[in-house]
file data_10.cif (mmCIF, C-alpha atoms)
data_run
#
loop_
_atom_site.label_atom_id
_atom_site.label_comp_id
_atom_site.auth_asym_id
_atom_site.auth_seq_id
_atom_site.Cartn_x
_atom_site.Cartn_y
_atom_site.Cartn_z
CA MET C 1 -101.47 -156.12 -64.63
CA ALA C 2 -99.79 -152.95 -65.85
CA MET C 3 -101.22 -151.06 -62.87
CA ASN C 4 -99.81 -153.62 -60.44
CA ASP C 5 -96.41 -153.41 -62.11
CA SER C 6 -96.44 -149.62 -61.78
CA VAL C 7 -97.39 -149.85 -58.10
CA ASN C 8 -94.62 -152.37 -57.47
CA ILE C 9 -92.07 -150.14 -59.18
CA LEU C 10 -93.15 -147.12 -57.11
CA ASN C 11 -93.03 -149.17 -53.89
CA SER C 12 -89.56 -150.44 -54.76
CA ALA C 13 -88.37 -146.93 -55.53
CA TYR C 14 -89.81 -145.67 -52.23
CA LEU C 15 -88.08 -148.45 -50.26
CA ALA C 16 -84.81 -147.78 -52.06
CA VAL C 17 -84.90 -144.06 -51.25
CA GLU C 18 -85.91 -144.83 -47.65
CA TYR C 19 -82.95 -147.23 -47.36
CA ILE C 20 -80.50 -144.65 -48.71
CA ASP C 21 -81.99 -142.00 -46.41
CA SER C 22 -81.27 -144.21 -43.39
CA PHE C 23 -77.53 -143.80 -44.09
CA LEU C 24 -77.64 -140.01 -44.40
CA PRO C 25 -76.55 -137.93 -41.40
CA ASP C 26 -79.24 -136.28 -39.30
CA ASN C 27 -80.42 -132.95 -40.56
CA PRO C 28 -79.25 -130.31 -38.02
CA LEU C 29 -82.25 -128.16 -38.90
CA GLN C 30 -84.80 -130.89 -38.20
CA GLN C 31 -85.04 -130.38 -34.44
CA PRO C 32 -85.37 -126.55 -34.60
CA PHE C 33 -87.97 -126.98 -37.36
CA LYS C 34 -89.83 -129.55 -35.24
CA ASN C 35 -89.79 -127.22 -32.23
CA ALA C 36 -91.06 -124.31 -34.31
CA TRP C 37 -93.78 -126.46 -35.90
CA ASN C 38 -95.02 -127.77 -32.56
CA TYR C 39 -94.94 -124.25 -31.10
CA MET C 40 -97.14 -123.11 -33.98
CA LEU C 41 -99.60 -125.97 -33.36
CA ASP C 42 -99.73 -125.20 -29.62
CA ASN C 43 -100.31 -121.46 -29.99
CA TYR C 44 -102.45 -121.04 -33.09
CA THR C 45 -105.69 -122.55 -34.35
CA LYS C 46 -105.92 -124.57 -37.52
CA PHE C 47 -107.81 -121.72 -39.15
CA GLN C 48 -105.04 -119.25 -38.29
CA ILE C 49 -102.35 -121.63 -39.54
CA ALA C 50 -104.14 -122.48 -42.79
CA THR C 51 -105.18 -118.89 -43.55
CA TRP C 52 -102.67 -116.44 -42.13
CA GLY C 53 -99.82 -118.96 -42.19
CA SER C 54 -100.42 -119.61 -45.89
CA LEU C 55 -100.60 -115.88 -46.62
CA ILE C 56 -97.32 -115.24 -44.78
CA VAL C 57 -95.60 -118.14 -46.58
CA HIS C 58 -96.75 -116.80 -49.94
CA GLU C 59 -95.90 -113.14 -49.37
CA VAL C 60 -92.53 -113.71 -47.67
CA SER C 61 -91.46 -116.32 -50.22
CA TYR C 62 -92.58 -114.25 -53.18
CA PHE C 63 -90.77 -111.05 -52.32
CA LEU C 64 -87.66 -112.76 -50.91
CA LEU C 65 -87.29 -114.76 -54.12
CA CYS C 66 -87.61 -111.51 -56.09
CA VAL C 67 -84.71 -109.89 -54.22
CA PRO C 68 -81.80 -111.43 -56.21
CA GLY C 69 -83.22 -110.36 -59.58
CA PHE C 70 -83.98 -106.91 -58.20
CA ILE C 71 -80.40 -106.52 -56.98
CA PHE C 72 -78.93 -107.80 -60.28
CA GLN C 73 -80.07 -104.65 -62.10
CA PHE C 74 -77.64 -102.60 -59.98
CA ILE C 75 -74.63 -104.90 -60.51
CA PRO C 76 -72.77 -104.23 -63.79
CA TYR C 77 -71.16 -107.69 -63.74
CA MET C 78 -74.58 -109.38 -63.83
CA GLN C 79 -75.68 -107.56 -66.97
CA LYS C 80 -73.90 -110.09 -69.18
CA TYR C 81 -76.43 -112.65 -67.93
CA LYS C 82 -79.44 -110.47 -68.75
CA ILE C 83 -81.26 -112.01 -71.69
CA GLN C 84 -82.70 -108.85 -73.28
CA GLN C 85 -79.85 -106.47 -72.57
CA ASP C 86 -81.37 -103.65 -74.64
CA LYS C 87 -84.43 -103.48 -72.38
CA PRO C 88 -83.41 -102.62 -68.80
CA GLU C 89 -85.88 -102.49 -65.92
CA THR C 90 -87.30 -99.09 -65.02
CA TRP C 91 -88.56 -97.77 -61.67
CA GLU C 92 -91.84 -96.77 -63.31
CA LYS C 93 -92.57 -100.30 -64.55
CA GLN C 94 -91.51 -101.93 -61.29
CA TRP C 95 -93.70 -99.60 -59.22
CA LYS C 96 -96.68 -100.24 -61.51
CA CYS C 97 -96.06 -103.97 -61.16
CA PHE C 98 -95.80 -103.77 -57.37
CA LYS C 99 -99.14 -101.94 -57.03
CA THR C 100 -100.92 -104.49 -59.21
CA LEU C 101 -99.35 -107.32 -57.23
CA LEU C 102 -100.68 -105.94 -53.96
CA PHE C 103 -104.17 -105.79 -55.42
CA ASN C 104 -103.99 -109.34 -56.82
CA HIS C 105 -102.46 -110.78 -53.66
CA PHE C 106 -104.93 -109.27 -51.20
CA PHE C 107 -108.15 -108.97 -53.22
CA ILE C 108 -107.92 -112.04 -55.47
CA GLN C 109 -105.58 -114.55 -53.85
CA LEU C 110 -106.35 -113.89 -50.17
CA PRO C 111 -110.05 -114.83 -50.54
CA LEU C 112 -108.89 -118.09 -52.15
CA ILE C 113 -106.38 -118.66 -49.33
CA CYS C 114 -109.23 -118.22 -46.83
CA GLY C 115 -110.69 -121.44 -48.22
CA THR C 116 -107.57 -123.43 -47.28
CA TYR C 117 -108.82 -124.25 -43.78
CA TYR C 118 -112.14 -125.59 -45.08
CA PHE C 119 -110.28 -127.63 -47.71
CA THR C 120 -108.08 -129.27 -45.06
CA GLU C 121 -111.10 -129.95 -42.84
CA TYR C 122 -113.21 -131.42 -45.64
CA PHE C 123 -110.45 -133.83 -46.72
CA ASN C 124 -109.29 -134.43 -43.13
CA ILE C 125 -105.74 -133.31 -43.94
CA PRO C 126 -103.49 -133.50 -40.86
CA TYR C 127 -101.33 -130.72 -39.39
CA GLY C 128 -99.34 -132.72 -36.83
CA TRP C 129 -95.58 -133.28 -36.84
CA GLU C 130 -95.86 -137.07 -36.62
CA GLU C 131 -98.04 -137.24 -39.74
CA MET C 132 -95.69 -135.05 -41.78
CA PRO C 133 -94.30 -136.90 -44.85
CA ARG C 134 -90.56 -137.42 -45.25
CA TRP C 135 -88.56 -134.95 -47.36
CA TYR C 136 -88.28 -137.27 -50.38
CA VAL C 137 -92.06 -137.80 -50.39
CA LEU C 138 -92.57 -134.04 -50.37
CA VAL C 139 -90.11 -133.65 -53.26
CA ALA C 140 -91.97 -136.30 -55.28
CA GLN C 141 -95.35 -134.72 -54.47
CA CYS C 142 -94.14 -131.26 -55.50
CA PHE C 143 -92.80 -132.69 -58.75
CA GLY C 144 -96.18 -134.33 -59.37
CA CYS C 145 -97.94 -131.03 -58.67
CA ALA C 146 -95.58 -129.30 -61.12
CA VAL C 147 -96.34 -131.84 -63.87
CA ILE C 148 -100.09 -131.35 -63.42
CA GLU C 149 -99.85 -127.55 -63.20
CA ASP C 150 -97.62 -127.44 -66.29
CA ALA C 151 -100.17 -129.37 -68.38
CA TRP C 152 -103.02 -127.11 -67.21
CA HIS C 153 -100.90 -124.00 -67.80
CA TYR C 154 -99.89 -125.02 -71.31
CA PHE C 155 -103.39 -125.53 -72.68
CA LEU C 156 -105.11 -122.68 -70.81
CA HIS C 157 -102.24 -120.27 -71.48
CA ARG C 158 -102.37 -121.15 -75.17
CA LEU C 159 -106.13 -120.56 -75.13
CA LEU C 160 -105.60 -117.11 -73.55
CA HIS C 161 -103.46 -116.24 -76.57
CA HIS C 162 -106.40 -116.78 -78.92
CA LYS C 163 -106.92 -113.60 -80.91
CA ARG C 164 -110.56 -113.25 -79.79
CA ILE C 165 -109.78 -113.09 -76.08
CA TYR C 166 -106.08 -112.16 -75.80
CA LYS C 167 -106.63 -108.40 -75.59
CA TYR C 168 -109.21 -108.75 -72.81
CA ILE C 169 -107.21 -110.84 -70.34
CA HIS C 170 -103.68 -112.07 -71.09
CA LYS C 171 -102.50 -108.83 -72.72
CA VAL C 172 -102.02 -107.38 -69.21
CA HIS C 173 -99.27 -109.90 -68.41
CA HIS C 174 -97.56 -109.12 -71.71
CA GLU C 175 -97.25 -105.41 -71.01
CA PHE C 176 -93.62 -106.17 -70.14
CA VAL C 177 -91.78 -107.47 -73.21
CA SER C 178 -88.68 -107.97 -71.10
CA PRO C 179 -89.86 -109.64 -67.88
CA PHE C 180 -88.41 -109.31 -64.37
CA GLY C 181 -88.96 -111.54 -61.34
CA MET C 182 -91.60 -109.47 -59.57
CA GLN C 183 -93.72 -109.55 -62.73
CA ALA C 184 -94.37 -113.30 -62.36
CA GLU C 185 -97.85 -112.75 -60.86
CA TYR C 186 -98.59 -109.48 -62.65
CA ALA C 187 -101.80 -110.41 -64.46
CA HIS C 188 -105.45 -109.65 -65.05
CA PRO C 189 -107.58 -110.91 -62.11
CA LEU C 190 -109.33 -113.40 -64.40
CA GLU C 191 -105.98 -114.79 -65.51
CA THR C 192 -104.95 -115.18 -61.88
CA LEU C 193 -108.04 -117.34 -61.36
CA ILE C 194 -107.85 -119.27 -64.66
CA LEU C 195 -104.16 -120.19 -64.63
CA GLY C 196 -104.05 -120.33 -60.83
CA THR C 197 -106.53 -123.21 -60.86
CA GLY C 198 -103.73 -125.46 -62.08
CA PHE C 199 -101.90 -124.87 -58.81
CA PHE C 200 -104.74 -126.41 -56.77
CA ILE C 201 -105.33 -129.52 -58.89
CA GLY C 202 -102.10 -131.14 -57.72
CA ILE C 203 -102.96 -130.28 -54.13
CA VAL C 204 -106.30 -132.08 -54.44
CA VAL C 205 -104.53 -135.13 -55.92
CA PHE C 206 -101.51 -135.39 -53.62
CA CYS C 207 -102.12 -133.47 -50.40
CA ASN C 208 -101.78 -135.64 -47.30
CA HIS C 209 -100.46 -132.93 -44.95
CA VAL C 210 -100.76 -129.16 -44.74
CA VAL C 211 -96.98 -128.83 -45.16
CA LEU C 212 -97.36 -129.86 -48.82
CA LEU C 213 -99.44 -126.73 -49.40
CA TRP C 214 -96.55 -124.57 -48.26
CA ALA C 215 -93.82 -126.64 -49.91
CA TRP C 216 -95.65 -126.51 -53.24
CA VAL C 217 -96.24 -122.74 -52.90
CA ILE C 218 -92.49 -122.20 -52.42
CA CYS C 219 -91.54 -124.53 -55.29
CA ARG C 220 -94.03 -122.93 -57.68
CA LEU C 221 -92.88 -119.42 -56.77
CA MET C 222 -89.21 -120.39 -57.21
CA GLU C 223 -90.00 -121.63 -60.71
CA THR C 224 -92.20 -118.79 -61.93
CA ILE C 225 -89.97 -116.03 -60.52
CA ASP C 226 -86.92 -117.71 -62.05
CA VAL C 227 -88.42 -117.96 -65.55
CA HIS C 228 -89.59 -114.34 -65.34
CA SER C 229 -86.30 -113.06 -63.89
CA GLY C 230 -84.88 -111.94 -67.23
CA TYR C 231 -81.49 -113.41 -66.27
CA ASP C 232 -79.96 -116.70 -67.36
CA VAL C 233 -77.55 -117.22 -64.49
CA PRO C 234 -75.09 -120.14 -64.69
CA LEU C 235 -75.08 -122.85 -62.01
CA ASN C 236 -78.79 -122.32 -61.42
CA PRO C 237 -79.83 -125.41 -59.40
CA LEU C 238 -83.25 -125.44 -61.08
CA HIS C 239 -81.51 -126.45 -64.31
CA LEU C 240 -80.93 -129.85 -62.68
CA VAL C 241 -84.67 -130.54 -62.90
CA PRO C 242 -85.34 -132.79 -65.93
CA PHE C 243 -86.87 -130.95 -68.91
CA TYR C 244 -86.87 -127.64 -67.00
CA ALA C 245 -87.70 -124.75 -69.34
CA GLY C 246 -85.83 -121.93 -67.61
CA ALA C 247 -85.57 -118.18 -68.08
CA ARG C 248 -84.47 -118.15 -71.73
CA PHE C 249 -87.39 -120.34 -72.74
CA HIS C 250 -90.03 -118.13 -71.13
CA ASP C 251 -88.23 -114.86 -71.88
CA PHE C 252 -88.60 -115.68 -75.57
CA HIS C 253 -92.35 -116.06 -75.05
CA HIS C 254 -92.54 -112.49 -73.73
CA MET C 255 -90.32 -111.20 -76.52
CA ASN C 256 -92.06 -113.12 -79.32
CA PHE C 257 -95.63 -113.48 -77.92
CA ILE C 258 -96.02 -116.79 -79.81
CA GLY C 259 -94.89 -120.22 -78.63
CA ASN C 260 -93.30 -121.56 -75.43
CA TYR C 261 -96.61 -121.68 -73.59
CA ALA C 262 -95.68 -124.14 -70.84
CA SER C 263 -94.82 -122.89 -67.36
CA THR C 264 -92.18 -125.33 -66.11
CA PHE C 265 -91.27 -128.10 -68.56
CA THR C 266 -90.52 -128.21 -72.29
CA TRP C 267 -92.33 -131.38 -73.35
CA TRP C 268 -95.76 -129.95 -74.25
CA ASP C 269 -94.25 -127.30 -76.52
CA ARG C 270 -92.03 -129.96 -78.09
CA ILE C 271 -94.95 -132.37 -78.65
CA PHE C 272 -97.15 -129.71 -80.31
CA GLY C 273 -94.32 -127.89 -82.09
CA THR C 274 -94.99 -124.57 -80.37
CA ASP C 275 -91.28 -124.20 -79.60
CA SER C 276 -90.28 -124.14 -83.30
CA GLN C 277 -89.76 -120.37 -83.43
CA PHE C 278 -87.68 -120.52 -80.24
CA ILE C 279 -85.47 -123.27 -81.69
CA ALA C 280 -85.03 -121.28 -84.92
CA TYR C 281 -84.17 -118.18 -82.89
CA GLN C 282 -81.56 -120.07 -80.88
CA GLU C 283 -79.91 -121.41 -84.02
CA LYS C 284 -79.84 -117.91 -85.49
CA GLU C 285 -78.22 -116.52 -82.33
CA LYS C 286 -75.59 -119.28 -82.35
CA LYS C 287 -74.68 -118.44 -85.94
CA LYS C 288 -74.34 -114.76 -84.98
CA GLN C 289 -72.05 -115.67 -82.10
CA CYS C 290 -69.90 -117.86 -84.37
CA ILE C 291 -69.54 -115.06 -86.93
CA THR C 292 -68.66 -112.54 -84.19
CA LYS C 293 -66.08 -114.94 -82.73
CA LYS C 294 -64.46 -115.53 -86.15
CA LYS C 295 -64.20 -111.78 -86.76
CA ALA C 296 -62.62 -111.30 -83.33
CA ASP C 297 -60.05 -114.04 -84.06
#
call {"tool": "encode", "arguments": {"input": "data_10.cif", "output": "structure tokens"}}
result
Amino acid sequence: MAMNDSVNILNSAYLAVEYIDSFLPDNPLQQPFKNAWNYMLDNYTKFQIATWGSLIVHEVSYFLLCVPGFIFQFIPYMQKYKIQQDKPETWEKQWKCFKTLLFNHFFIQLPLICGTYYFTEYFNIPYGWEEMPRWYVLVAQCFGCAVIEDAWHYFLHRLLHHKRIYKYIHKVHHEFVSPFGMQAEYAHPLETLILGTGFFIGIVVFCNHVVLLWAWVICRLMETIDVHSGYDVPLNPLHLVPFYAGARFHDFHHMNFIGNYASTFTWWDRIFGTDSQFIAYQEKEKKKQCITKKKAD
């Protein structure tokens, strides 16, 4: 009975969104995107699309999303938004990070990406334009993937902080006490595999078109690069996502090493109380700001 009620609610919500969408103006980018998609299908094999297409989407998205944070370090005005202002980025650290990223991307992640084609063939996942889900379905699927990945990340990330194994694997990611965007995937190869598994679980559950693979890659990279950026920029559209953790939440994890284990949302840390030190720290900072403001007045 409860299951039927849930299905009815989801169907009603889907119909409501579809009805609203029918009143929205046509997307001017839809036709160029359709032409580009069909050109890709006509000129490349499924293996090339699933393998090299996925690699290109990942690499281009990753480094493009890192650009704003990289530029911020050269803009004095943006320094007021830097969370740990006493720990600026250095060329030495960024170069070390970049070299490790190249290794992880091409020797750890690329072999996994090579399995994408076989995954889509095994589950008969379509590539065609006509089978592509509507934008609101993709948004819902990406949100579902994020919820699943966040749960996996919380418990496995917390396990990696166990004193018996921390120094062997997760310590690599914590070499940077003050994170920056490019450091999001700076990790021990085993950590890349362990925490990266959470990315694929949602794909197995929700994937009904190859475009979800790419949409979810972009969404996940947007999130992880943002929380590692080291900057809490106002009017960040990601803050509109319910229960979104954000840069300050994860920056504290790098600064404190304990607590705030989730990747995207705040609920697991709230449920298990692993955000208690972060909450205490925030209250302490607010008191400092109040005292400073009173002295200035």
call {"tool": "residues_around", "arguments": {"input": "data_10.cif", "residues": "region 190-192 of chain C", "least_positions_apart": "2", "cutoff": "8 Å", "atoms": "only C-alpha atoms", "output": "CSV table (one decimal) with C-alpha atoms, in the frame of the given file"}}
result
chain,number,residue,atom,x,y,z
C,104,ASN,CA,-104.0,-109.3,-56.8
C,108,ILE,CA,-107.9,-112.0,-55.5
C,169,ILE,CA,-107.2,-110.8,-70.3
C,170,HIS,CA,-103.7,-112.1,-71.1
C,185,GLU,CA,-97.8,-112.8,-60.9
C,187,ALA,CA,-101.8,-110.4,-64.5
C,188,HIS,CA,-105.4,-109.6,-65.0
C,194,ILE,CA,-107.8,-119.3,-64.7
C,195,LEU,CA,-104.2,-120.2,-64.6
C,196,GLY,CA,-104.0,-120.3,-60.8
call {"tool": "atom_distance", "arguments": {"input": "data_10.cif", "atom1": "CA of Pro88 (chain C)", "atom2": "CA of Val177 (chain C)"}}
result
10.6 Å
call {"tool": "resolve_selection", "arguments": {"input": "data_10.cif", "expression": "the PyMOL selection byres ((chain C and resi 58-65) around 12)", "output": "PyMOL selection string"}}
result
chain C and resi 50-57+66-71+98+101-102+104-106+109-110+113+180-185+213-229
call {"tool": "closest_residue", "arguments": {"input": "data_10.cif", "among": "C:Tyr231, C:Trp152, C:Trp129, C:Phe257", "to": "Asn38 (chain C)", "atoms": "all atoms listed in the file"}}
result
C:Trp129
call {"tool": "atom_distance", "arguments": {"input": "data_10.cif", "atom1": "CA of Tyr127 (chain C)", "atom2": "CA of Pro28 (chain C)"}}
result
22.1 Å
call {"tool": "closest_residue", "arguments": {"input": "data_10.cif", "among": "C:Ile201, C:Ala151, C:Ala245, C:Cys290", "to": "Phe278 (chain C)", "atoms": "all atoms listed in the file"}}
result
C:Ala245
call {"tool": "axis_aligned_box", "arguments": {"input": "data_10.cif", "around": "region 168-182 of chain C", "padding_each_side": "5 Å", "output": "AutoDock Vina command-line options"}}
result
--center_x -98.8 --center_y -108.7 --center_z -66.4 --size_x 30.8 --size_y 16.7 --size_z 23.6
call {"tool": "closest_residue", "arguments": {"input": "data_10.cif", "among": "C:Lys80, C:His161, C:Lys284, C:Lys34", "to": "His173 (chain C)", "atoms": "all atoms listed in the file"}}
result
C:His161
call {"tool": "atom_distance", "arguments": {"input": "data_10.cif", "atom1": "CA of Cys97 (chain C)", "atom2": "CA of Gly115 (chain C)"}}
result
26.2 Å
call {"tool": "resolve_selection", "arguments": {"input": "data_10.cif", "expression": "the PyMOL selection byres ((chain C and resi 150) around 7)", "output": "VMD selection string"}}
result
chain C and resid 146 to 149 151 to 154 262 to 265
call {"tool": "closest_residue", "arguments": {"input": "data_10.cif", "among": "C:Glu285, C:Tyr186, C:His157, C:Gly198", "to": "Trp268 (chain C)", "atoms": "only C-alpha atoms"}}
result
C:His157
call {"tool": "residues_around", "arguments": {"input": "data_10.cif", "residues": "Lys87 (chain C)", "least_positions_apart": "2", "cutoff": "9 Å", "atoms": "all atoms listed in the file", "output": "number ranges by chain"}}
result
C: 84-85, 89, 177-178
call {"tool": "resolve_selection", "arguments": {"input": "data_10.cif", "expression": "the PyMOL selection byres ((chain C and resi 275) around 10)", "output": "PyMOL selection string"}}
result
chain C and resi 249+252-253+258-262+266-274+276-281
call {"tool": "write_last_selection", "arguments": {"input": "data_10.cif", "atoms": "C-alpha atoms", "output": "PDB file, keeping the file's coordinate frame"}}
result
ATOM      1  CA  PHE C 249     -87.390-120.340 -72.740  1.00  0.00           C
ATOM      2  CA  PHE C 252     -88.600-115.680 -75.570  1.00  0.00           C
ATOM      3  CA  HIS C 253     -92.350-116.060 -75.050  1.00  0.00           C
ATOM      4  CA  ILE C 258     -96.020-116.790 -79.810  1.00  0.00           C
ATOM      5  CA  GLY C 259     -94.890-120.220 -78.630  1.00  0.00           C
ATOM      6  CA  ASN C 260     -93.300-121.560 -75.430  1.00  0.00           C
ATOM      7  CA  TYR C 261     -96.610-121.680 -73.590  1.00  0.00           C
ATOM      8  CA  ALA C 262     -95.680-124.140 -70.840  1.00  0.00           C
ATOM      9  CA  THR C 266     -90.520-128.210 -72.290  1.00  0.00           C
ATOM     10  CA  TRP C 267     -92.330-131.380 -73.350  1.00  0.00           C
ATOM     11  CA  TRP C 268     -95.760-129.950 -74.250  1.00  0.00           C
ATOM     12  CA  ASP C 269     -94.250-127.300 -76.520  1.00  0.00           C
ATOM     13  CA  ARG C 270     -92.030-129.960 -78.090  1.00  0.00           C
ATOM     14  CA  ILE C 271     -94.950-132.370 -78.650  1.00  0.00           C
ATOM     15  CA  PHE C 272     -97.150-129.710 -80.310  1.00  0.00           C
ATOM     16  CA  GLY C 273     -94.320-127.890 -82.090  1.00  0.00           C
ATOM     17  CA  THR C 274     -94.990-124.570 -80.370  1.00  0.00           C
ATOM     18  CA  SER C 276     -90.280-124.140 -83.300  1.00  0.00           C
ATOM     19  CA  GLN C 277     -89.760-120.370 -83.430  1.00  0.00           C
ATOM     20  CA  PHE C 278     -87.680-120.520 -80.240  1.00  0.00           C
ATOM     21  CA  ILE C 279     -85.470-123.270 -81.690  1.00  0.00           C
ATOM     22  CA  ALA C 280     -85.030-121.280 -84.920  1.00  0.00           C
ATOM     23  CA  TYR C 281     -84.170-118.180 -82.890  1.00  0.00           C
TER      24      TYR C 281
END
call {"tool": "closest_residue", "arguments": {"input": "data_10.cif", "among": "C:Ile75, C:Cys114, C:Cys145, C:Ile203", "to": "Gln48 (chain C)", "atoms": "only C-alpha atoms"}}
result
C:Cys114
call {"tool": "residues_around", "arguments": {"input": "data_10.cif", "residues": "region 204-208 of chain C", "least_positions_apart": "4", "cutoff": "12 Å", "atoms": "only C-alpha atoms", "output": "PyMOL selection string"}}
result
chain C and resi 116+119-128+131-134+137-149+197-200+212-216
call {"tool": "closest_residue", "arguments": {"input": "data_10.cif", "among": "C:Trp91, C:Lys82, C:Tyr117, C:Val172", "to": "Thr45 (chain C)", "atoms": "all atoms listed in the file"}}
result
C:Tyr117
